[in-house]
$ cat data_0.tsv   # TSV, C-alpha atoms
chain	number	residue	atom	x	y	z
A	1	MET	CA	0.00	0.00	0.00
A	2	SER	CA	1.25	3.51	-0.87
A	3	SER	CA	2.19	6.02	1.76
A	4	ILE	CA	3.43	9.58	1.77
A	5	LEU	CA	5.79	11.48	4.02
A	6	ILE	CA	5.28	15.23	4.05
A	7	THR	CA	7.16	17.86	6.03
A	8	ARG	CA	5.30	21.10	6.84
A	9	PRO	CA	7.28	23.55	8.96
A	10	GLU	CA	5.47	26.83	9.70
A	11	HIS	CA	8.03	29.14	11.29
A	12	ASP	CA	7.80	32.07	8.84
A	13	ASP	CA	5.41	33.44	6.20
A	14	THR	CA	6.93	31.30	3.46
A	15	THR	CA	6.76	27.98	5.25
A	16	TYR	CA	3.33	28.88	6.62
A	17	TYR	CA	2.06	29.37	3.07
A	18	LEU	CA	3.67	26.16	1.80
A	19	SER	CA	2.24	24.24	4.73
A	20	HIS	CA	-1.32	25.44	4.23
A	21	TRP	CA	-1.20	24.98	0.49
A	22	SER	CA	-0.32	21.32	1.17
A	23	LYS	CA	-3.50	20.65	3.11
A	24	GLU	CA	-5.56	19.77	0.04
A	25	ILE	CA	-2.99	17.15	-0.89
A	26	ILE	CA	-3.27	15.57	2.53
A	27	ALA	CA	-7.06	15.48	2.21
A	28	LEU	CA	-6.83	13.87	-1.25
A	29	ALA	CA	-4.39	11.24	-0.06
A	30	ASP	CA	-6.68	10.45	2.82
A	31	GLN	CA	-9.62	10.08	0.42
A	32	LYS	CA	-7.60	7.64	-1.65
A	33	GLY	CA	-6.72	5.57	1.37
A	34	ILE	CA	-3.06	6.52	1.19
A	35	HIS	CA	-1.41	6.75	4.56
A	36	ILE	CA	0.15	10.14	5.28
A	37	PHE	CA	2.97	10.77	7.71
A	38	ASP	CA	2.36	14.47	8.26
A	39	LEU	CA	5.35	16.08	9.98
A	40	ASN	CA	3.86	19.48	10.78
A	41	ARG	CA	5.57	22.35	12.65
A	42	GLU	CA	7.90	21.09	15.39
A	43	LYS	CA	7.64	17.56	14.02
A	44	ALA	CA	9.40	18.62	10.80
A	45	VAL	CA	12.80	17.72	12.26
A	46	LYS	CA	15.60	15.40	11.19
A	47	LEU	CA	14.98	12.78	13.84
A	48	GLU	CA	11.36	12.32	12.77
A	49	VAL	CA	12.13	12.40	9.04
A	50	GLU	CA	14.89	9.82	9.33
A	51	SER	CA	12.81	7.61	11.57
A	52	ARG	CA	9.87	7.61	9.12
A	53	LEU	CA	12.07	6.99	6.12
A	54	LYS	CA	13.79	4.05	7.82
A	55	LYS	CA	10.77	2.42	9.44
A	56	SER	CA	7.68	3.29	7.41
A	57	TYR	CA	8.98	3.29	3.86
A	58	PRO	CA	6.85	6.01	2.22
A	59	ASN	CA	6.77	5.88	-1.60
A	60	LEU	CA	6.40	9.62	-2.01
A	61	VAL	CA	8.33	12.20	-0.01
A	62	ILE	CA	7.21	15.84	-0.10
A	63	LEU	CA	9.61	18.27	1.51
A	64	ASN	CA	8.31	21.78	2.15
A	65	GLY	CA	10.78	24.26	3.55
A	66	HIS	CA	13.90	26.25	2.86
A	67	GLY	CA	17.22	24.90	1.70
A	68	ASN	CA	20.23	25.32	-0.50
A	69	ASP	CA	22.06	23.32	-3.20
A	70	THR	CA	22.83	20.45	-0.88
A	71	THR	CA	20.21	20.56	1.86
A	72	VAL	CA	16.52	20.66	2.54
A	73	THR	CA	15.50	22.12	5.88
A	74	GLY	CA	12.52	21.82	8.19
A	75	HIS	CA	11.33	23.42	11.41
A	76	LYS	CA	13.34	26.58	12.17
A	77	ASN	CA	15.61	25.70	9.25
A	78	GLU	CA	17.04	22.56	10.81
A	79	PRO	CA	18.65	20.47	8.04
A	80	LEU	CA	16.60	17.36	7.25
A	81	ILE	CA	18.33	15.77	4.26
A	82	SER	CA	21.86	16.76	3.29
A	83	VAL	CA	24.31	15.58	0.67
A	84	GLY	CA	26.92	13.25	2.04
A	85	GLU	CA	24.90	12.59	5.14
A	86	ASN	CA	21.57	10.90	4.60
A	87	GLU	CA	20.40	11.28	0.99
A	88	SER	CA	20.58	7.49	0.74
A	89	LEU	CA	17.41	7.39	2.87
A	90	LEU	CA	15.59	8.61	-0.23
A	91	LYS	CA	16.43	5.38	-2.06
A	92	SER	CA	13.51	4.01	-4.09
A	93	ARG	CA	11.37	7.06	-3.32
A	94	ILE	CA	9.76	9.67	-5.51
A	95	VAL	CA	10.74	13.01	-4.02
A	96	TYR	CA	9.27	16.47	-4.45
A	97	ALA	CA	11.10	19.30	-2.69
A	98	ILE	CA	9.45	22.71	-2.57
A	99	SER	CA	12.70	24.00	-1.24
A	100	CYS	CA	15.17	26.41	-2.78
A	101	LYS	CA	18.01	25.16	-4.92
A	102	SER	CA	17.99	21.57	-3.65
A	103	ALA	CA	17.37	20.15	-7.12
A	104	LYS	CA	20.76	21.53	-8.17
A	105	VAL	CA	22.98	19.18	-6.15
A	106	LEU	CA	20.91	17.22	-3.60
A	107	GLY	CA	18.54	16.16	-6.38
A	108	PRO	CA	21.14	14.47	-8.63
A	109	LYS	CA	23.02	13.12	-5.61
A	110	SER	CA	19.81	11.54	-4.33
A	111	ILE	CA	19.33	9.86	-7.70
A	112	ASP	CA	22.90	8.57	-7.52
A	113	ALA	CA	22.04	7.20	-4.09
A	114	GLY	CA	19.01	5.37	-5.47
A	115	ALA	CA	16.06	7.77	-5.30
A	116	LEU	CA	13.61	7.04	-8.14
A	117	SER	CA	13.10	10.68	-9.00
A	118	TYR	CA	13.68	14.11	-7.50
A	119	THR	CA	11.64	17.11	-8.59
A	120	GLY	CA	12.24	20.59	-7.27
A	121	TYR	CA	13.98	23.88	-8.00
A	122	ASP	CA	17.59	24.39	-9.01
A	123	ASP	CA	17.57	27.95	-7.73
A	124	ASP	CA	15.56	29.98	-5.21
A	125	PHE	CA	11.82	29.44	-5.27
A	126	ILE	CA	10.11	32.83	-5.41
A	127	PHE	CA	6.50	33.76	-4.87
A	128	MET	CA	4.46	36.87	-4.32
A	129	TYR	CA	1.67	36.96	-1.75
A	130	ASP	CA	-0.80	39.25	-0.04
A	131	PRO	CA	0.22	39.69	3.61
A	132	ASN	CA	-3.39	40.63	4.41
A	133	LYS	CA	-4.30	37.03	3.62
A	134	ILE	CA	-1.75	35.49	6.00
A	135	SER	CA	-4.48	34.11	8.24
A	136	LYS	CA	-6.07	32.36	5.23
A	137	PRO	CA	-3.24	31.58	2.82
A	138	CYS	CA	-5.37	29.33	0.62
A	139	SER	CA	-7.64	32.26	-0.28
A	140	ASP	CA	-4.68	34.32	-1.50
A	141	GLU	CA	-5.24	34.68	-5.27
A	142	THR	CA	-1.77	36.18	-5.78
A	143	ALA	CA	0.00	33.26	-4.10
A	144	LYS	CA	-2.24	30.86	-6.02
A	145	LEU	CA	-0.50	31.83	-9.27
A	146	PHE	CA	2.77	30.52	-7.81
A	147	LEU	CA	1.60	27.59	-5.72
A	148	SER	CA	-1.22	25.95	-7.67
A	149	HIS	CA	1.18	24.12	-10.00
A	150	SER	CA	2.89	22.58	-6.99
A	151	GLN	CA	-0.41	21.32	-5.64
A	152	ARG	CA	-1.28	19.84	-9.05
A	153	PHE	CA	2.05	18.06	-9.29
A	154	THR	CA	1.53	16.14	-6.07
A	155	GLU	CA	-2.18	15.58	-6.75
A	156	SER	CA	-1.31	14.07	-10.10
A	157	LEU	CA	1.25	11.75	-8.49
A	158	ILE	CA	-1.25	10.72	-5.82
A	159	LYS	CA	-3.72	9.82	-8.57
A	160	GLY	CA	-1.17	7.37	-9.93
A	161	ASN	CA	0.27	9.36	-12.84
A	162	THR	CA	3.97	9.20	-13.66
A	163	VAL	CA	6.45	11.87	-12.68
A	164	LYS	CA	6.68	12.83	-16.37
A	165	GLU	CA	2.93	13.36	-16.75
A	166	SER	CA	2.64	15.14	-13.41
A	167	PHE	CA	5.62	17.38	-14.11
A	168	SER	CA	4.32	18.25	-17.57
A	169	ARG	CA	0.86	19.12	-16.21
A	170	SER	CA	2.22	21.28	-13.44
A	171	LYS	CA	4.61	23.10	-15.79
A	172	ASN	CA	1.65	23.80	-18.06
A	173	ILE	CA	-0.25	25.37	-15.17
A	174	LEU	CA	2.70	27.59	-14.34
A	175	ARG	CA	2.99	28.49	-18.03
A	176	GLU	CA	-0.75	29.31	-18.16
A	177	ASN	CA	-0.40	31.57	-15.13
A	178	LEU	CA	2.54	33.24	-16.82
A	179	MET	CA	0.47	33.76	-19.99
A	180	LYS	CA	-2.37	35.29	-17.96
A	181	SER	CA	0.02	37.73	-16.33
A	182	LEU	CA	1.39	38.78	-19.75
A	183	SER	CA	-1.91	39.88	-21.18
A	184	SER	CA	-2.75	43.56	-21.65
A	185	ASP	CA	-5.88	43.04	-19.48
A	186	SER	CA	-3.93	41.60	-16.61
A	187	LYS	CA	-3.45	43.42	-13.31
A	188	ASP	CA	-0.71	40.94	-12.54
A	189	ASN	CA	1.98	42.09	-15.00
A	190	ALA	CA	4.36	42.66	-12.08
A	191	LEU	CA	4.29	38.96	-11.24
A	192	THR	CA	5.58	37.87	-14.64
A	193	ARG	CA	9.28	38.05	-13.81
A	194	TYR	CA	8.83	35.79	-10.76
A	195	LEU	CA	6.59	33.31	-12.57
A	196	TRP	CA	9.16	33.16	-15.36
A	197	TRP	CA	11.92	32.54	-12.82
A	198	ASP	CA	10.05	29.64	-11.17
A	199	LEU	CA	9.11	28.12	-14.52
A	200	THR	CA	12.74	28.22	-15.64
A	201	HIS	CA	14.07	26.69	-12.45
A	202	PHE	CA	11.46	23.96	-11.90
A	203	VAL	CA	13.25	20.71	-12.82
A	204	SER	CA	12.95	16.97	-12.49
A	205	HIS	CA	15.68	14.33	-12.24
A	206	GLY	CA	15.76	10.55	-12.38
A	207	ASP	CA	13.21	8.09	-13.73
A	208	LEU	CA	10.38	10.19	-15.15
A	209	ASN	CA	8.29	7.04	-15.66
A	210	ALA	CA	8.20	6.42	-11.93
A	211	ALA	CA	4.80	6.43	-10.25
A	212	ILE	CA	3.68	5.73	-6.71
A	213	SER	CA	1.11	3.04	-7.48
B	1	MET	CA	25.25	40.07	-42.09
B	2	LYS	CA	25.58	41.95	-38.79
B	3	GLU	CA	22.31	43.08	-37.32
B	4	GLY	CA	22.21	46.66	-36.10
B	5	SER	CA	20.82	47.54	-32.71
B	6	LYS	CA	17.76	49.15	-34.30
B	7	GLU	CA	16.91	45.94	-36.16
B	8	LYS	CA	17.48	43.85	-33.02
B	9	PHE	CA	15.21	46.13	-31.02
B	10	LEU	CA	12.43	46.11	-33.61
B	11	LYS	CA	12.47	42.30	-33.84
B	12	ILE	CA	12.27	41.91	-30.09
B	13	TYR	CA	9.60	44.59	-29.75
B	14	ALA	CA	7.38	43.00	-32.39
B	15	ASN	CA	7.40	39.76	-30.43
B	16	LEU	CA	6.66	41.31	-27.04
B	17	PRO	CA	3.31	40.53	-25.39
B	18	LEU	CA	1.22	43.69	-24.99
B	19	GLY	CA	1.36	43.50	-21.21
B	20	ILE	CA	5.17	43.75	-21.32
B	21	ARG	CA	5.39	46.73	-23.67
B	22	LYS	CA	4.38	49.14	-20.92
B	23	GLU	CA	7.25	48.00	-18.68
B	24	ILE	CA	10.25	50.25	-18.02
B	25	ILE	CA	13.26	49.00	-19.91
B	26	VAL	CA	15.87	51.76	-19.61
B	27	VAL	CA	16.58	54.96	-17.67
B	28	LEU	CA	18.20	57.91	-19.44
B	29	GLU	CA	19.07	61.14	-17.60
B	30	ASN	CA	16.76	60.09	-14.75
B	31	GLU	CA	13.90	59.58	-17.18
B	32	PRO	CA	12.37	56.07	-17.38
B	33	PHE	CA	11.46	54.67	-20.79
B	34	THR	CA	9.12	51.77	-21.46
B	35	TRP	CA	9.50	49.43	-24.43
B	36	SER	CA	6.79	51.46	-26.19
B	37	ALA	CA	8.48	54.79	-25.44
B	38	VAL	CA	11.76	53.51	-26.87
B	39	TYR	CA	9.87	52.20	-29.91
B	40	VAL	CA	8.53	55.70	-30.63
B	41	GLU	CA	12.07	57.12	-30.53
B	42	VAL	CA	13.45	54.34	-32.71
B	43	PHE	CA	10.57	54.62	-35.19
B	44	ASN	CA	11.28	58.34	-35.58
B	45	ASN	CA	15.06	57.82	-35.79
B	46	THR	CA	15.70	60.41	-33.10
B	47	GLU	CA	19.12	61.18	-31.61
B	48	LYS	CA	17.79	59.91	-28.32
B	49	SER	CA	17.11	56.53	-29.91
B	50	ILE	CA	20.84	56.08	-30.60
B	51	VAL	CA	21.68	56.60	-26.93
B	52	LEU	CA	18.79	54.42	-25.78
B	53	LEU	CA	19.75	51.56	-28.07
B	54	LYS	CA	23.37	51.79	-26.97
B	55	LYS	CA	22.32	51.48	-23.34
B	56	LEU	CA	20.08	48.53	-24.09
B	57	GLU	CA	22.93	46.78	-25.87
B	58	GLU	CA	25.34	47.45	-23.00
B	59	MET	CA	22.86	45.88	-20.58
B	60	LYS	CA	22.45	42.97	-23.03
B	61	ILE	CA	18.71	43.53	-23.13
B	62	ILE	CA	18.85	43.62	-26.95
C	1	MET	CA	25.42	36.39	-9.27
C	2	LYS	CA	28.77	36.50	-11.07
C	3	GLU	CA	28.05	39.44	-13.42
C	4	HIS	CA	29.19	42.85	-12.23
C	5	ILE	CA	26.15	45.03	-11.62
C	6	SER	CA	26.60	48.38	-13.32
C	7	GLU	CA	24.98	51.53	-11.95
C	8	ASP	CA	22.78	51.61	-15.07
C	9	LEU	CA	21.46	48.15	-14.27
C	10	LYS	CA	20.88	49.00	-10.62
C	11	GLU	CA	19.03	52.14	-11.59
C	12	LEU	CA	16.87	50.22	-14.06
C	13	VAL	CA	16.02	47.49	-11.55
C	14	ILE	CA	15.11	50.06	-8.90
C	15	VAL	CA	12.81	51.93	-11.25
C	16	ARG	CA	11.17	48.63	-12.28
C	17	LEU	CA	10.73	47.61	-8.64
C	18	GLU	CA	8.99	50.95	-7.98
C	19	THR	CA	6.14	49.67	-10.16
C	20	LEU	CA	5.51	46.62	-7.96
C	21	PRO	CA	2.28	46.73	-5.95
C	22	SER	CA	2.83	48.19	-2.46
C	23	ASP	CA	0.44	45.80	-0.79
C	24	ARG	CA	2.24	42.62	-1.71
C	25	LYS	CA	5.34	40.84	-0.42
C	26	VAL	CA	7.83	38.68	-2.25
C	27	SER	CA	9.25	35.51	-0.72
C	28	ILE	CA	12.74	34.87	-2.10
C	29	GLY	CA	13.96	31.45	-1.11
C	30	ALA	CA	15.79	31.24	2.15
C	31	TYR	CA	16.48	34.99	2.09
C	32	GLY	CA	13.08	35.82	3.50
C	33	GLU	CA	10.04	37.93	2.66
C	34	PHE	CA	10.26	41.51	1.43
C	35	ASP	CA	7.97	44.36	0.52
C	36	LYS	CA	8.70	46.69	-2.37
C	37	GLU	CA	10.72	49.19	-0.30
C	38	GLU	CA	12.85	46.48	1.23
C	39	LEU	CA	13.63	45.02	-2.21
C	40	ILE	CA	14.72	48.46	-3.40
C	41	GLN	CA	16.92	49.02	-0.34
C	42	HIS	CA	18.71	45.72	-0.92
C	43	VAL	CA	19.40	46.60	-4.55
C	44	LYS	CA	20.73	50.00	-3.50
C	45	LYS	CA	22.99	48.34	-0.90
C	46	GLY	CA	24.26	45.88	-3.48
C	47	ASP	CA	24.24	43.01	-0.96
C	48	GLU	CA	23.58	39.31	-1.62
C	49	ILE	CA	19.82	39.76	-1.61
C	50	GLY	CA	20.15	42.80	-3.88
C	51	SER	CA	22.23	40.77	-6.31
C	52	LYS	CA	19.62	38.04	-6.36
C	53	ILE	CA	16.85	40.56	-7.08
C	54	VAL	CA	18.88	42.01	-9.95
C	55	GLU	CA	19.61	38.52	-11.26
C	56	VAL	CA	15.88	37.68	-11.35
C	57	GLU	CA	15.10	40.91	-13.24
C	58	LEU	CA	17.90	40.37	-15.73
C	59	GLU	CA	17.03	36.77	-16.41
C	60	PHE	CA	13.53	37.90	-17.30
C	61	LEU	CA	14.61	40.90	-19.40
C	62	ARG	CA	17.13	38.84	-21.35
C	63	ALA	CA	14.61	36.05	-21.89
C	64	LEU	CA	12.47	38.59	-23.76
C	65	LYS	CA	15.16	38.65	-26.48
C	66	GLU	CA	14.47	35.01	-27.27
C	67	GLY	CA	10.70	35.41	-27.01
C	68	ILE	CA	9.11	34.57	-23.69
C	69	VAL	CA	6.12	32.90	-25.29
C	70	ALA	CA	7.45	30.10	-27.42

$ encode --input "data_0.tsv" --output "C-alpha cells"
Amino acid sequence: MSSILITRPEHDDTTYYLSHWSKEIIALADQKGIHIFDLNREKAVKLEVESRLKKSYPNLVILNGHGNDTTVTGHKNEPLISVGENESLLKSRIVYAISCKSAKVLGPKSIDAGALSYTGYDDDFIFMYDPNKISKPCSDETAKLFLSHSQRFTESLIKGNTVKESFSRSKNILRENLMKSLSSDSKDNALTRYLWWDLTHFVSHGDLNAAIS
Amino acid sequence: MKEGSKEKFLKIYANLPLGIRKEIIVVLENEPFTWSAVYVEVFNNTEKSIVLLKKLEEMKII
Amino acid sequence: MKEHISEDLKELVIVRLETLPSDRKVSIGAYGEFDKEELIQHVKKGDEIGSKIVEVELEFLRALKEGIVA
C-alpha cells in the first residue's frame, strides 16, 4: 500500500504558506486511502524524518521548507536531508522538494544514491503573496498563481500518474499563469518576472516514468 | 550580415506581449522609458534613440 | 550572481521595482520575505539579496530577447 511522508514547517510566512497549500494534498491522499505521515511544525525535524524513512517506507516524499544546493530544511531551518549525510534514505522514493536550490545538487546526488526521482527547484523558489491574507493563505489569489502548479504536481502523483505526466501538467499550469500575467488586461503584470523565474528553475531528475502506485 | 541595434530592437519589440510593452526598460538622464516609449524614438530615428539603443545593448537587453 | 552590476542596471532594476504593488510581499527562497521598499533598499545596498533581485530581473529581461512565449 502507498504512503506519503510530508514535512510542513510553519516558522515564517513562506513555510506557513507552503504548509497550508499542502492541506488539500493531505485530504486527497486520505480520500484515496493513502497513509500520510504528516510532519507538521515542530515535528518537521531530522529525527522524525529519518525515523519515518527508515521504518515506514513512504513511496512519495514531499519536503516543504527552505534549503540550499545540498540541503533541505525543516522546522526553524534545521537540516533534514543533506548531501553526504543521509540522501541514501531517499532510495527508491519519488521526491518532491518545494525547497530552494535543492534540485541543483541534492537532487542528482539523491538519484545517484538510489532515489527514483527528484523534482524541485535548481535555484531559489520565489512567490508573491498578499500579507493581508496570512491568516487564510489558501484564499490568496496572488499566491495561487505561484503555488497551484505545486499542488497539481503532487495531486497528479497521488492519482497514480507518472512523474513525467505530473511534471508536464504542473509546468503547463505555471505556463498558463505566466500567460495570464502577460496579457494587456492583466493586473498581474508585475508577477511575470517571478513566474518566469520559477518556470525556468522547476526541474525533475531521475526516472520520469516512476509512479507511486 | 551583422544586425544593427535598431533591427534587433524592432524584432524583439514585435514579439513582445502587450502587457510587457508598458514595462520600463531603460533609464536615461533620470527619465524612465518603457519598451513602447523607446519604440517611438526608434521609429522616428531620433538622436535619443541612438543613446537608448546603446544602453540597451550594454545591458544585453537587446 | 557572477556578473558585475553596473549603476545603469541597478538604476533600471530600482525603477522597475517601484512599479511593484505596495500591498504585496515577495518571498525569495531562504532569504526571507520583502515588501517593495525592502527590495529596493537591498538593490541600493548591493548586498547578496540585492544581487539576487537584480539577477531575477535580468534573467527575465534577457529572456524577452528570445521570445518569452514560445

$ interface_residues --input "data_0.tsv" --of "chain A" --to "chain C" --cutoff "10 Å" --atoms "only C-alpha atoms" --output "tab-separated table (two decimals) with C-alpha atoms, in the coordinates of the input"
chain	number	residue	atom	x	y	z
A	12	ASP	CA	7.80	32.07	8.84
A	13	ASP	CA	5.41	33.44	6.20
A	14	THR	CA	6.93	31.30	3.46
A	15	THR	CA	6.76	27.98	5.25
A	65	GLY	CA	10.78	24.26	3.55
A	66	HIS	CA	13.90	26.25	2.86
A	67	GLY	CA	17.22	24.90	1.70
A	68	ASN	CA	20.23	25.32	-0.50
A	73	THR	CA	15.50	22.12	5.88
A	77	ASN	CA	15.61	25.70	9.25
A	98	ILE	CA	9.45	22.71	-2.57
A	99	SER	CA	12.70	24.00	-1.24
A	100	CYS	CA	15.17	26.41	-2.78
A	101	LYS	CA	18.01	25.16	-4.92
A	123	ASP	CA	17.57	27.95	-7.73
A	124	ASP	CA	15.56	29.98	-5.21
A	125	PHE	CA	11.82	29.44	-5.27
A	126	ILE	CA	10.11	32.83	-5.41
A	127	PHE	CA	6.50	33.76	-4.87
A	128	MET	CA	4.46	36.87	-4.32
A	129	TYR	CA	1.67	36.96	-1.75
A	130	ASP	CA	-0.80	39.25	-0.04
A	131	PRO	CA	0.22	39.69	3.61
A	132	ASN	CA	-3.39	40.63	4.41
A	142	THR	CA	-1.77	36.18	-5.78
A	143	ALA	CA	0.00	33.26	-4.10
A	175	ARG	CA	2.99	28.49	-18.03
A	178	LEU	CA	2.54	33.24	-16.82
A	179	MET	CA	0.47	33.76	-19.99
A	182	LEU	CA	1.39	38.78	-19.75
A	187	LYS	CA	-3.45	43.42	-13.31
A	188	ASP	CA	-0.71	40.94	-12.54
A	189	ASN	CA	1.98	42.09	-15.00
A	190	ALA	CA	4.36	42.66	-12.08
A	191	LEU	CA	4.29	38.96	-11.24
A	192	THR	CA	5.58	37.87	-14.64
A	193	ARG	CA	9.28	38.05	-13.81
A	194	TYR	CA	8.83	35.79	-10.76
A	195	LEU	CA	6.59	33.31	-12.57
A	196	TRP	CA	9.16	33.16	-15.36
A	197	TRP	CA	11.92	32.54	-12.82
A	198	ASP	CA	10.05	29.64	-11.17
A	200	THR	CA	12.74	28.22	-15.64

$ residues_around --input "data_0.tsv" --residues "stretch 46-53 of chain B" --least-positions-apart "5" --cutoff "9 Å" --atoms "all atoms listed in the file" --output "PDB file with C-alpha atoms, in the frame of the given file"
ATOM      1  CA  SER B   5      20.820  47.540 -32.710  1.00  0.00           C
ATOM      2  CA  LYS B   6      17.760  49.150 -34.300  1.00  0.00           C
ATOM      3  CA  PHE B   9      15.210  46.130 -31.020  1.00  0.00           C
ATOM      4  CA  VAL B  26      15.870  51.760 -19.610  1.00  0.00           C
ATOM      5  CA  VAL B  27      16.580  54.960 -17.670  1.00  0.00           C
ATOM      6  CA  LEU B  28      18.200  57.910 -19.440  1.00  0.00           C
ATOM      7  CA  PHE B  33      11.460  54.670 -20.790  1.00  0.00           C
ATOM      8  CA  VAL B  38      11.760  53.510 -26.870  1.00  0.00           C
ATOM      9  CA  TYR B  39       9.870  52.200 -29.910  1.00  0.00           C
ATOM     10  CA  VAL B  40       8.530  55.700 -30.630  1.00  0.00           C
ATOM     11  CA  GLU B  41      12.070  57.120 -30.530  1.00  0.00           C
ATOM     12  CA  GLU B  58      25.340  47.450 -23.000  1.00  0.00           C
ATOM     13  CA  ILE B  62      18.850  43.620 -26.950  1.00  0.00           C
TER      14      ILE B  62
END

$ interface_residues --input "data_0.tsv" --of "chain A" --to "chain B" --cutoff "8 Å" --atoms "all atoms listed in the file" --output "MDAnalysis selection string"
chainID A and resid 181:186 189

$ residues_around --input "data_0.tsv" --residues "A:Glu155" --least-positions-apart "5" --cutoff "10 Å" --atoms "only C-alpha atoms" --output "list in words"
Ser22, Glu24, Ile25, Ile26, Leu28, Ala29, His149, Ser150, Gly160, Asn161, Ser166 and Ser170 of chain A

$ atom_distance --input "data_0.tsv" --atom1 "atom CA of A:Ile6" --atom2 "atom CA of A:Ser148"
17.2 Å

$ decode --input "data_0.tsv" --residues "stretch 7-27 of chain C" --atoms "N, CA and C atoms" --output "PDB file, in the first residue's frame"
ATOM      1  N   GLU C   7      25.910  50.564 -12.536  1.00  0.00           N
ATOM      2  CA  GLU C   7      24.980  51.528 -11.946  1.00  0.00           C
ATOM      3  C   GLU C   7      23.733  51.679 -12.819  1.00  0.00           C
ATOM      4  N   ASP C   8      23.923  51.540 -14.143  1.00  0.00           N
ATOM      5  CA  ASP C   8      22.782  51.608 -15.075  1.00  0.00           C
ATOM      6  C   ASP C   8      21.780  50.503 -14.772  1.00  0.00           C
ATOM      7  N   LEU C   9      22.318  49.311 -14.546  1.00  0.00           N
ATOM      8  CA  LEU C   9      21.459  48.152 -14.269  1.00  0.00           C
ATOM      9  C   LEU C   9      20.734  48.325 -12.947  1.00  0.00           C
ATOM     10  N   LYS C  10      21.478  48.775 -11.950  1.00  0.00           N
ATOM     11  CA  LYS C  10      20.882  49.000 -10.622  1.00  0.00           C
ATOM     12  C   LYS C  10      19.740  49.999 -10.735  1.00  0.00           C
ATOM     13  N   GLU C  11      20.017  51.068 -11.437  1.00  0.00           N
ATOM     14  CA  GLU C  11      19.026  52.143 -11.591  1.00  0.00           C
ATOM     15  C   GLU C  11      17.775  51.604 -12.292  1.00  0.00           C
ATOM     16  N   LEU C  12      17.995  50.797 -13.319  1.00  0.00           N
ATOM     17  CA  LEU C  12      16.872  50.222 -14.056  1.00  0.00           C
ATOM     18  C   LEU C  12      16.041  49.308 -13.155  1.00  0.00           C
ATOM     19  N   VAL C  13      16.725  48.448 -12.418  1.00  0.00           N
ATOM     20  CA  VAL C  13      16.017  47.492 -11.554  1.00  0.00           C
ATOM     21  C   VAL C  13      15.215  48.242 -10.489  1.00  0.00           C
ATOM     22  N   ILE C  14      15.809  49.281  -9.938  1.00  0.00           N
ATOM     23  CA  ILE C  14      15.110  50.058  -8.900  1.00  0.00           C
ATOM     24  C   ILE C  14      13.847  50.697  -9.473  1.00  0.00           C
ATOM     25  N   VAL C  15      13.974  51.279 -10.627  1.00  0.00           N
ATOM     26  CA  VAL C  15      12.812  51.933 -11.254  1.00  0.00           C
ATOM     27  C   VAL C  15      11.726  50.889 -11.574  1.00  0.00           C
ATOM     28  N   ARG C  16      12.141  49.704 -11.998  1.00  0.00           N
ATOM     29  CA  ARG C  16      11.169  48.635 -12.281  1.00  0.00           C
ATOM     30  C   ARG C  16      10.508  48.150 -10.994  1.00  0.00           C
ATOM     31  N   LEU C  17      11.287  48.066  -9.924  1.00  0.00           N
ATOM     32  CA  LEU C  17      10.727  47.614  -8.644  1.00  0.00           C
ATOM     33  C   LEU C  17       9.719  48.632  -8.101  1.00  0.00           C
ATOM     34  N   GLU C  18       9.919  49.904  -8.426  1.00  0.00           N
ATOM     35  CA  GLU C  18       8.988  50.950  -7.975  1.00  0.00           C
ATOM     36  C   GLU C  18       7.570  50.686  -8.474  1.00  0.00           C
ATOM     37  N   THR C  19       7.469  49.936  -9.582  1.00  0.00           N
ATOM     38  CA  THR C  19       6.139  49.669 -10.159  1.00  0.00           C
ATOM     39  C   THR C  19       5.458  48.448  -9.544  1.00  0.00           C
ATOM     40  N   LEU C  20       6.141  47.773  -8.627  1.00  0.00           N
ATOM     41  CA  LEU C  20       5.507  46.623  -7.963  1.00  0.00           C
ATOM     42  C   LEU C  20       4.389  47.126  -7.057  1.00  0.00           C
ATOM     43  N   PRO C  21       3.349  46.307  -6.852  1.00  0.00           N
ATOM     44  CA  PRO C  21       2.281  46.734  -5.947  1.00  0.00           C
ATOM     45  C   PRO C  21       2.811  46.881  -4.512  1.00  0.00           C
ATOM     46  N   SER C  22       2.340  47.919  -3.823  1.00  0.00           N
ATOM     47  CA  SER C  22       2.832  48.195  -2.457  1.00  0.00           C
ATOM     48  C   SER C  22       2.239  47.258  -1.423  1.00  0.00           C
ATOM     49  N   ASP C  23       1.129  46.624  -1.788  1.00  0.00           N
ATOM     50  CA  ASP C  23       0.439  45.804  -0.788  1.00  0.00           C
ATOM     51  C   ASP C  23       0.735  44.311  -0.943  1.00  0.00           C
ATOM     52  N   ARG C  24       1.838  44.004  -1.536  1.00  0.00           N
ATOM     53  CA  ARG C  24       2.245  42.615  -1.709  1.00  0.00           C
ATOM     54  C   ARG C  24       3.653  42.430  -1.168  1.00  0.00           C
ATOM     55  N   LYS C  25       3.962  41.159  -0.822  1.00  0.00           N
ATOM     56  CA  LYS C  25       5.338  40.844  -0.419  1.00  0.00           C
ATOM     57  C   LYS C  25       5.872  39.757  -1.343  1.00  0.00           C
ATOM     58  N   VAL C  26       7.190  39.694  -1.415  1.00  0.00           N
ATOM     59  CA  VAL C  26       7.827  38.675  -2.246  1.00  0.00           C
ATOM     60  C   VAL C  26       8.666  37.777  -1.343  1.00  0.00           C
ATOM     61  N   SER C  27       8.441  36.469  -1.468  1.00  0.00           N
ATOM     62  CA  SER C  27       9.253  35.506  -0.721  1.00  0.00           C
ATOM     63  C   SER C  27      10.371  35.064  -1.658  1.00  0.00           C
TER      64      SER C  27
END
